[in-house]
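**Student:** So that we are looking at the same thing, I have put the structure below in structure tokens.
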Amino acid sequence: MRRSPWLSAAGWATLAFLYLPLFVLVAFSFNASKYGSAWGGFTLSWYAKLFSDNKILASTWNSAVVAGISSALSVVMGTLAVVARGRGEEAGGRWQDAFFYVPLLVPELMLAVGFLLFFGLIKGDLGLLPLVISHTTLTVPLVWLIVKARFEKIDPRLEDAAVDLGATRWQAFLKVTLPLLMPAVVAGGLMAFVTSLDSFLISFFVSGPSTTTLPVQIYSMLKFSISPEVNALSTLFFLASFALVVTAWLLQGGEDAALH
Amino acid sequence: MPDPAPSVELKGVFKRFGDVTAVDGVDLTIRKGEFFALLGSSGCGKTTLLRMIAGFEYPDSGGVLIQGRDVARVPPNERPVNMVFQHYALFPHMTVEDNVAFGLRMKRLPEAEVAERTAEVLRTVQLGALSARYPHQLSGGQQQRVALARALVNRPEVLLLDEPLAALDEKLRQEMRHELKALQVKVGITFVFVTHDQEEALALADRIAVMRGGRIQQLGTPIEVYETPTSRFVADFVGVSNLLEGAVTEAEPLLMEGKGDARRALLDVSGVGSVAATLFNGVKAGDKVTLCLRPERIHLASDGAQAELDNRQPGLVESTVFLGGEVRYRVRLAEGRELEVHETSSPLRPVRRPGERVLVQWRAEDARAVAE
């Protein structure tokens with residue numbers, strides 16, 4: 001059946017609606033004019049300036065460290081949680097599922113307030129630790145969701161077959177189940193990394209003066225004025241997130257043929 | 001030469017899952033080099049029994065012996081048995097070669113030996129050319145051969161097969177029967193397989209255990225199970241039977257060598273009349289019995305022809321199905337009972353039309369009565 005041209009136009013219009021603000025952002029990051037919304041010619045100077053701004057470099061480093069550690073932690077914890085829960089449909093497992101879903105839907109602000117209180121109880125300078133812990137909390141359910149979807153597609157008899165052929169349960173997991181889970185584990189890790197990078201609310205509540213993350217830094221720069229430097233920074237930020245999300249998406253789609 | 005130790009012995013094995021008794025006291029000896037079938041419909045306990053030999057289930061009580069060693073509580077990876085799973089369970093992320101080599105690598109054999117034995121077994125199942133393929137690039141029949149190779153390469157004492165041919169289409173299934181039988185003779189390993197398909201059990205097995213409700217109903221060669229069912233259930237489950245209820249009017253011992261306790265008897269069968277039959281298992285005069293009459297052992301002759309066999313009844317052909325090699329009839333006897341009759345088609349024998357009057361006859365030794 002031929003699709004109506006109106007219908008496909010509607011699809012493209014929705015996409016345009018989604019990406020228009022981003023196009024504006026990207027365009028203005030190349031704007032030579034420092035103030036307002038007038039176009040003053042093409043320049044790369046805002047990008048050059050980014051790389052000489054110590055505050056930005058420091059917060060970028062913080063963001064990368066926090067995202068790296070917290071996504072690694074959530075990959076390990078999320079995957080273990082999926083495997084430990086197994087395939088059973090008993091009430092215990094079902095309740096576990098529900099409690100893993102809930103944090104994905106709880107407003108981030110609630111988690112942020114909770115963490116603010118929690119870390120307030122602990123005195124002393126903890127460095128990046130509060131950010132790592134809170135971001136891990138934010139991203140474990142995400143990894144869990146992605147890995148679980150794949151785990152459920154893997155035939156449990158594959159592990160039985162490995163054990164039948166002389167493997168211990170642990171060897172069967174390492175040689176059969178884990179390699180088959182890997183695309184989802186990597187995709188989950190990438191999604192966790194992006195989520196941590198993008199997290200503003202939790203970071204804003206939990207970070208200290210020396211532990212500013214990139215989104216918090218951008219926000220504090222905006223308090224004074226919308227500088228083209230922020231546009232350039234946001235553009236790079238957007239591109240990095242976009243690349244990671246697309247990679248994660250491709251990984252989840254691939255290799256499914258092999259499972260059946 | 002003394003008999004080698006049996007491959008598998010089950011001694012008083014019980015297994016319950018919650019309220020359900022899956023295996024209800026099974027004693028069974030499977031000889032070395034035997035092709036053995038566990039036959040039954042779903043829920044009869046045959047798969048649980050197989051999984052207990054493999055080690056995926058432990059019996060609640062009773063012994064599981066492999067080569068004389070009790071392995072009832074030994075995990076699957078430490079038993080000298082390998083399994084061909086239903087739908088094969090090939091590792092999708094490994095090539096054919098790596099799938100087959102898996103068991104040998106788990107045993108940490110030198111890589112040169114792994115390569116040699118893998119190549120050898122792949123030649124045996126005629127898959128040498130496909131060793132670099134992935135399972136999803138193979139046809140169903142090829143996947144099954146990989147599953148066989150992956151198990152056989154370990155030279156197990158017993159090869160277990162869970163519904164080995166169920167995932168194949170009808171034509172391939174017929175072909176694989178021959179292949180599987182030839183393979184078992186070639187490798188000389190004890191094969192134990194589970195099936196719900198009685199034809200498959202008859203075609204492949206040296207001996208069959210017919211199971212029902214967690215127990216073995218009858219154990220014997222395909223010919224014994226088919227020709228001398230000891231219960232109405234087995235007569236009905238294995239092959240096609242006309243099952244007729246009746247009572248014994250007269251019975252006398254049948255003095256024939258090798259016939260066990262078989263006796264010649266006269267039965268009164270409702271809808272048929274008086275029938276000369278053969279009795280088994282201590283059935284005596286006055287007992288209620290079920291008469292089992294195989295459709296291919298009933299013969300039709302033209303109305304008014306000279307009767308040749310012990311039992312003869314006038315009948316009327318109700319329907320005729322011509323299948324090429326065989327003709328299937330429904331024939332109603334004068335006393336009212338309808339019988340299924342199969343005849344091999346032949347140019348020397350007329351195909352009877354519905355409405356035709358015929359003489360229906362069968363031998364007393366083909367009419368077997370079992371206690372109801």
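Please note that chains go A, B, ... in the order of the structure tokens, that every chain numbers its residues from 1, and that ligands are numbered from 1 in the order shown.
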Tell me which protein, DNA and RNA residues are within 10 Å of Val245 of chain A, counting only C-alpha atoms, leaving out same-chain ones fewer than 4 positions away, and put them as number ranges by chain.
**Tutor:** A: 187-188, 190-195, 239-241, 249-251
**Student:** Pull out every residue of chain A that has at least one atom within 6 Å of chain B, counting only C-alpha atoms, and report them as a list in words.
**Tutor:**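 Within 6 Å of chain B on chain A, we get Arg157, Leu158, Val163, Asp164, Leu165, Gly166, Ala167 and Ala258 of chain A.
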**Student:** If you count only C-alpha atoms, which residues fall within 12 Å of Pro228 of chain A, apart from same-chain ones fewer than 6 positions away, as number ranges by chain?
**Tutor:** A: 24-40, 42-50, 218, 221-222, 234-235
**Student:** Give me the residues near Arg349 of chain B as a list in words, where near means some atom within 12 Å (using only C-alpha atoms) and where sequence neighbours in that chain fewer than 3 positions away do not count.
**Tutor:**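 Returned residues: His299, Leu300, Ala301, Ser302, Glu326, Val327, Glu343, Thr344, Ser345, Ser346 and Arg352 of chain B.
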**Student:** How would the residues just chosen look if you wrote them out with C-alpha atoms as a PDB file, in the first residue's frame?
**Tutor:**
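Here's the written file out35.pdb:
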ATOM      1  CA  HIS B 299      -8.872 -58.975   5.153  1.00  0.00           C
ATOM      2  CA  LEU B 300     -11.749 -58.363   2.818  1.00  0.00           C
ATOM      3  CA  ALA B 301     -13.084 -60.911   0.353  1.00  0.00           C
ATOM      4  CA  SER B 302     -15.948 -60.669  -2.093  1.00  0.00           C
ATOM      5  CA  GLU B 326      -2.640 -48.466   0.727  1.00  0.00           C
ATOM      6  CA  VAL B 327      -6.436 -48.475   0.757  1.00  0.00           C
ATOM      7  CA  GLU B 343      -5.185 -53.250   2.665  1.00  0.00           C
ATOM      8  CA  THR B 344      -2.027 -52.897   0.600  1.00  0.00           C
ATOM      9  CA  SER B 345      -3.122 -51.822  -2.841  1.00  0.00           C
ATOM     10  CA  SER B 346      -2.386 -54.253  -5.635  1.00  0.00           C
ATOM     11  CA  ARG B 352     -14.040 -51.984  -2.849  1.00  0.00           C
TER      12      ARG B 352
END
**Student:** One number please: atom CA of Arg51 of chain B to atom CA of Gly92 of chain A, in Å, one decimal.
**Tutor:**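 That distance, rounded to one decimal, is 26.9 Å.
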**Student:** Name the residues in contact with segment 59-72 of chain B at a cut-off of 6 Å, using only C-alpha atoms, excluding same-chain residues fewer than 3 positions from it; report them as a PyMOL selection string.
**Tutor:** chain B and resi 5-15
**Student:** Filtering to N, CA and C atoms, could you give me those residues as a PDB file, in the first residue's frame?
**Tutor:**
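Once everything was written out, this is again37.pdb:
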ATOM      1  N   ALA B   5      29.069 -54.063  31.396  1.00  0.00           N
ATOM      2  CA  ALA B   5      28.123 -53.403  32.309  1.00  0.00           C
ATOM      3  C   ALA B   5      27.098 -52.641  31.491  1.00  0.00           C
ATOM      4  N   PRO B   6      25.836 -52.630  31.953  1.00  0.00           N
ATOM      5  CA  PRO B   6      24.823 -51.859  31.221  1.00  0.00           C
ATOM      6  C   PRO B   6      25.207 -50.383  31.192  1.00  0.00           C
ATOM      7  N   SER B   7      24.811 -49.687  30.118  1.00  0.00           N
ATOM      8  CA  SER B   7      25.105 -48.259  30.022  1.00  0.00           C
ATOM      9  C   SER B   7      24.377 -47.486  31.109  1.00  0.00           C
ATOM     10  N   VAL B   8      23.084 -47.762  31.237  1.00  0.00           N
ATOM     11  CA  VAL B   8      22.265 -47.021  32.187  1.00  0.00           C
ATOM     12  C   VAL B   8      21.423 -47.998  32.999  1.00  0.00           C
ATOM     13  N   GLU B   9      21.379 -47.802  34.304  1.00  0.00           N
ATOM     14  CA  GLU B   9      20.431 -48.543  35.135  1.00  0.00           C
ATOM     15  C   GLU B   9      19.660 -47.551  35.995  1.00  0.00           C
ATOM     16  N   LEU B  10      18.346 -47.665  35.970  1.00  0.00           N
ATOM     17  CA  LEU B  10      17.521 -46.858  36.866  1.00  0.00           C
ATOM     18  C   LEU B  10      16.906 -47.821  37.866  1.00  0.00           C
ATOM     19  N   LYS B  11      17.033 -47.474  39.154  1.00  0.00           N
ATOM     20  CA  LYS B  11      16.550 -48.378  40.190  1.00  0.00           C
ATOM     21  C   LYS B  11      15.561 -47.665  41.102  1.00  0.00           C
ATOM     22  N   GLY B  12      14.295 -47.990  40.950  1.00  0.00           N
ATOM     23  CA  GLY B  12      13.255 -47.424  41.810  1.00  0.00           C
ATOM     24  C   GLY B  12      13.266 -45.910  41.846  1.00  0.00           C
ATOM     25  N   VAL B  13      13.284 -45.283  40.671  1.00  0.00           N
ATOM     26  CA  VAL B  13      13.429 -43.835  40.594  1.00  0.00           C
ATOM     27  C   VAL B  13      12.083 -43.129  40.751  1.00  0.00           C
ATOM     28  N   PHE B  14      12.042 -42.159  41.671  1.00  0.00           N
ATOM     29  CA  PHE B  14      10.857 -41.310  41.878  1.00  0.00           C
ATOM     30  C   PHE B  14      11.247 -39.858  41.705  1.00  0.00           C
ATOM     31  N   LYS B  15      10.339 -39.055  41.148  1.00  0.00           N
ATOM     32  CA  LYS B  15      10.577 -37.611  41.066  1.00  0.00           C
ATOM     33  C   LYS B  15       9.248 -36.879  41.100  1.00  0.00           C
TER      34      LYS B  15
END
**Student:** Name all residues at most 8 Å from segment 21-37 of chain B (count only C-alpha atoms; drop same-chain ones fewer than 2 positions away) and give them as a JSON list (two decimals) with C-alpha atoms, in the first residue's frame.
**Tutor:**
[["chain", "number", "residue", "atom", "x", "y", "z"],
["B", 4, "PRO", "CA", 29.67, -55.54, 29.56],
["B", 5, "ALA", "CA", 28.12, -53.40, 32.31],
["B", 6, "PRO", "CA", 24.82, -51.86, 31.22],
["B", 7, "SER", "CA", 25.10, -48.26, 30.02],
["B", 8, "VAL", "CA", 22.26, -47.02, 32.19],
["B", 9, "GLU", "CA", 20.43, -48.54, 35.14],
["B", 10, "LEU", "CA", 17.52, -46.86, 36.87],
["B", 11, "LYS", "CA", 16.55, -48.38, 40.19],
["B", 12, "GLY", "CA", 13.25, -47.42, 41.81],
["B", 13, "VAL", "CA", 13.43, -43.84, 40.59],
["B", 14, "PHE", "CA", 10.86, -41.31, 41.88],
["B", 15, "LYS", "CA", 10.58, -37.61, 41.07],
["B", 16, "ARG", "CA", 7.92, -35.12, 42.12],
["B", 17, "PHE", "CA", 7.47, -31.49, 41.08],
["B", 18, "GLY", "CA", 5.22, -29.89, 43.68],
["B", 19, "ASP", "CA", 2.02, -31.95, 43.69],
["B", 39, "LEU", "CA", 7.86, -43.25, 24.19],
["B", 43, "GLY", "CA", 3.52, -35.31, 30.74],
["B", 44, "CYS", "CA", 4.21, -39.04, 30.91],
["B", 45, "GLY", "CA", 7.60, -38.46, 32.58],
["B", 48, "THR", "CA", 12.15, -35.97, 33.23],
["B", 49, "LEU", "CA", 13.66, -39.44, 33.00],
["B", 184, "GLN", "CA", 24.22, -45.13, 15.72],
["B", 188, "GLY", "CA", 28.41, -47.92, 18.38],
["B", 189, "ILE", "CA", 27.39, -45.60, 21.23],
["B", 190, "THR", "CA", 24.30, -46.22, 23.38],
["B", 191, "PHE", "CA", 21.55, -43.86, 22.18],
["B", 192, "VAL", "CA", 18.57, -43.05, 24.42],
["B", 193, "PHE", "CA", 15.89, -40.89, 22.87],
["B", 194, "VAL", "CA", 12.61, -39.42, 23.95],
["B", 195, "THR", "CA", 9.72, -39.17, 21.52],
["B", 201, "ALA", "CA", 10.13, -45.12, 18.13],
["B", 204, "LEU", "CA", 14.63, -46.21, 15.26],
["B", 205, "ALA", "CA", 14.74, -48.16, 18.48],
["B", 206, "ASP", "CA", 16.08, -51.60, 19.34],
["B", 207, "ARG", "CA", 13.83, -51.50, 22.40],
["B", 208, "ILE", "CA", 11.00, -49.21, 23.46],
["B", 209, "ALA", "CA", 9.71, -48.30, 26.90],
["B", 213, "GLY", "CA", 1.74, -41.46, 34.23],
["B", 214, "GLY", "CA", 5.39, -41.66, 35.26],
["B", 215, "ARG", "CA", 5.54, -45.44, 34.87],
["B", 216, "ILE", "CA", 6.70, -47.85, 32.21]]
**Student:** Grab the atom CA of Cys292 of chain B to atom CA of Ala247 of chain B distance for me, in Å with one decimal place.
**Tutor:** 13.0 Å
**Student:** What does the structure give for the distance between atom CA of Gln218 of chain B and atom CA of Lys284 of chain B, in Å to one decimal?
**Tutor:** 21.1 Å
**Student:** Could you name the residues that touch segment 178-180 of chain B at 10 Å or less, counting only C-alpha atoms, but leaving out those on the same chain fewer than 3 positions away, as a VMD selection string?
**Tutor:** chain B and resid 125 145 148 164 to 165 173 to 175 183 to 186 191 203 to 204
**Student:** Those selected residues, please, written with N, CA and C atoms and delivered as an mmCIF file, in the first residue's frame.
**Tutor:**
data_model
loop_
_atom_site.group_PDB
_atom_site.id
_atom_site.type_symbol
_atom_site.label_atom_id
_atom_site.label_comp_id
_atom_site.auth_asym_id
_atom_site.auth_seq_id
_atom_site.Cartn_x
_atom_site.Cartn_y
_atom_site.Cartn_z
ATOM 1 N N VAL B 125 29.513 -36.705 10.068
ATOM 2 C CA VAL B 125 28.143 -36.227 9.833
ATOM 3 C C VAL B 125 28.055 -35.414 8.537
ATOM 4 N N ARG B 145 22.605 -32.071 12.523
ATOM 5 C CA ARG B 145 23.862 -32.827 12.426
ATOM 6 C C ARG B 145 24.960 -32.166 13.251
ATOM 7 N N LEU B 148 24.381 -33.244 16.757
ATOM 8 C CA LEU B 148 24.862 -34.626 16.938
ATOM 9 C C LEU B 148 26.381 -34.653 17.055
ATOM 10 N N PRO B 164 14.516 -35.841 18.860
ATOM 11 C CA PRO B 164 15.559 -35.421 17.912
ATOM 12 C C PRO B 164 15.032 -34.985 16.547
ATOM 13 N N LEU B 165 13.888 -35.511 16.133
ATOM 14 C CA LEU B 165 13.448 -35.204 14.775
ATOM 15 C C LEU B 165 12.236 -34.276 14.732
ATOM 16 N N ARG B 173 12.395 -35.586 7.997
ATOM 17 C CA ARG B 173 12.304 -36.467 9.150
ATOM 18 C C ARG B 173 12.458 -37.928 8.717
ATOM 19 N N GLN B 174 11.796 -38.274 7.628
ATOM 20 C CA GLN B 174 11.890 -39.643 7.106
ATOM 21 C C GLN B 174 13.338 -39.972 6.747
ATOM 22 N N GLU B 175 14.013 -38.997 6.111
ATOM 23 C CA GLU B 175 15.396 -39.193 5.694
ATOM 24 C C GLU B 175 16.310 -39.354 6.895
ATOM 25 N N LEU B 183 24.007 -43.909 11.692
ATOM 26 C CA LEU B 183 25.034 -43.251 12.515
ATOM 27 C C LEU B 183 25.237 -44.013 13.819
ATOM 28 N N GLN B 184 24.116 -44.440 14.430
ATOM 29 C CA GLN B 184 24.223 -45.129 15.716
ATOM 30 C C GLN B 184 24.976 -46.444 15.548
ATOM 31 N N VAL B 185 24.714 -47.153 14.464
ATOM 32 C CA VAL B 185 25.406 -48.413 14.207
ATOM 33 C C VAL B 185 26.895 -48.129 13.998
ATOM 34 N N LYS B 186 27.199 -47.040 13.263
ATOM 35 C CA LYS B 186 28.580 -46.698 12.928
ATOM 36 C C LYS B 186 29.388 -46.340 14.176
ATOM 37 N N PHE B 191 22.406 -45.030 22.419
ATOM 38 C CA PHE B 191 21.548 -43.863 22.183
ATOM 39 C C PHE B 191 20.259 -44.049 22.996
ATOM 40 N N ALA B 203 10.552 -47.077 14.312
ATOM 41 C CA ALA B 203 11.517 -47.029 13.214
ATOM 42 C C ALA B 203 12.954 -47.071 13.714
ATOM 43 N N LEU B 204 13.241 -46.410 14.852
ATOM 44 C CA LEU B 204 14.630 -46.214 15.263
ATOM 45 C C LEU B 204 15.114 -47.204 16.317
#
**Student:** Where does DSSP see alpha helix (DSSP H) in segment 41-205 of chain B, if you list the residues as a VMD selection string?
**Tutor:** chain B and resid 46 to 54 96 to 106 111 to 124 140 to 152 170 to 187 198 to 204
**Student:** Restricting the calculation to only C-alpha atoms: of B:Ala149, B:Ser139, B:Val114, B:Leu279, which residue gets closest to Asp169 of chain B?
**Tutor:**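 Ranking B:Ala149, B:Ser139, B:Val114, B:Leu279 by distance to Asp169 of chain B, first place goes to B:Ser139.
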**Student:** Using only C-alpha atoms, pick whichever of A:Phe99, A:Phe119, A:Phe51, A:Phe242 has the shortest atom-to-atom distance to Leu145 of chain A.
**Tutor:**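 Checking each candidate against Leu145 of chain A, we get A:Phe99 as the closest.
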**Student:** Of the candidates B:Glu170, B:Arg263, B:Glu340, B:Pro222, which shows the shortest atom-to-atom distance to Val240 of chain B, using only C-alpha atoms?
**Tutor:**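 With only C-alpha atoms as the atom set, the closest residue is B:Glu340.
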**Student:** In segment 219-259 of chain B, what's strand (DSSP E or B) per DSSP? Answer as number ranges by chain?
**Tutor:** B: 219-220, 242-253
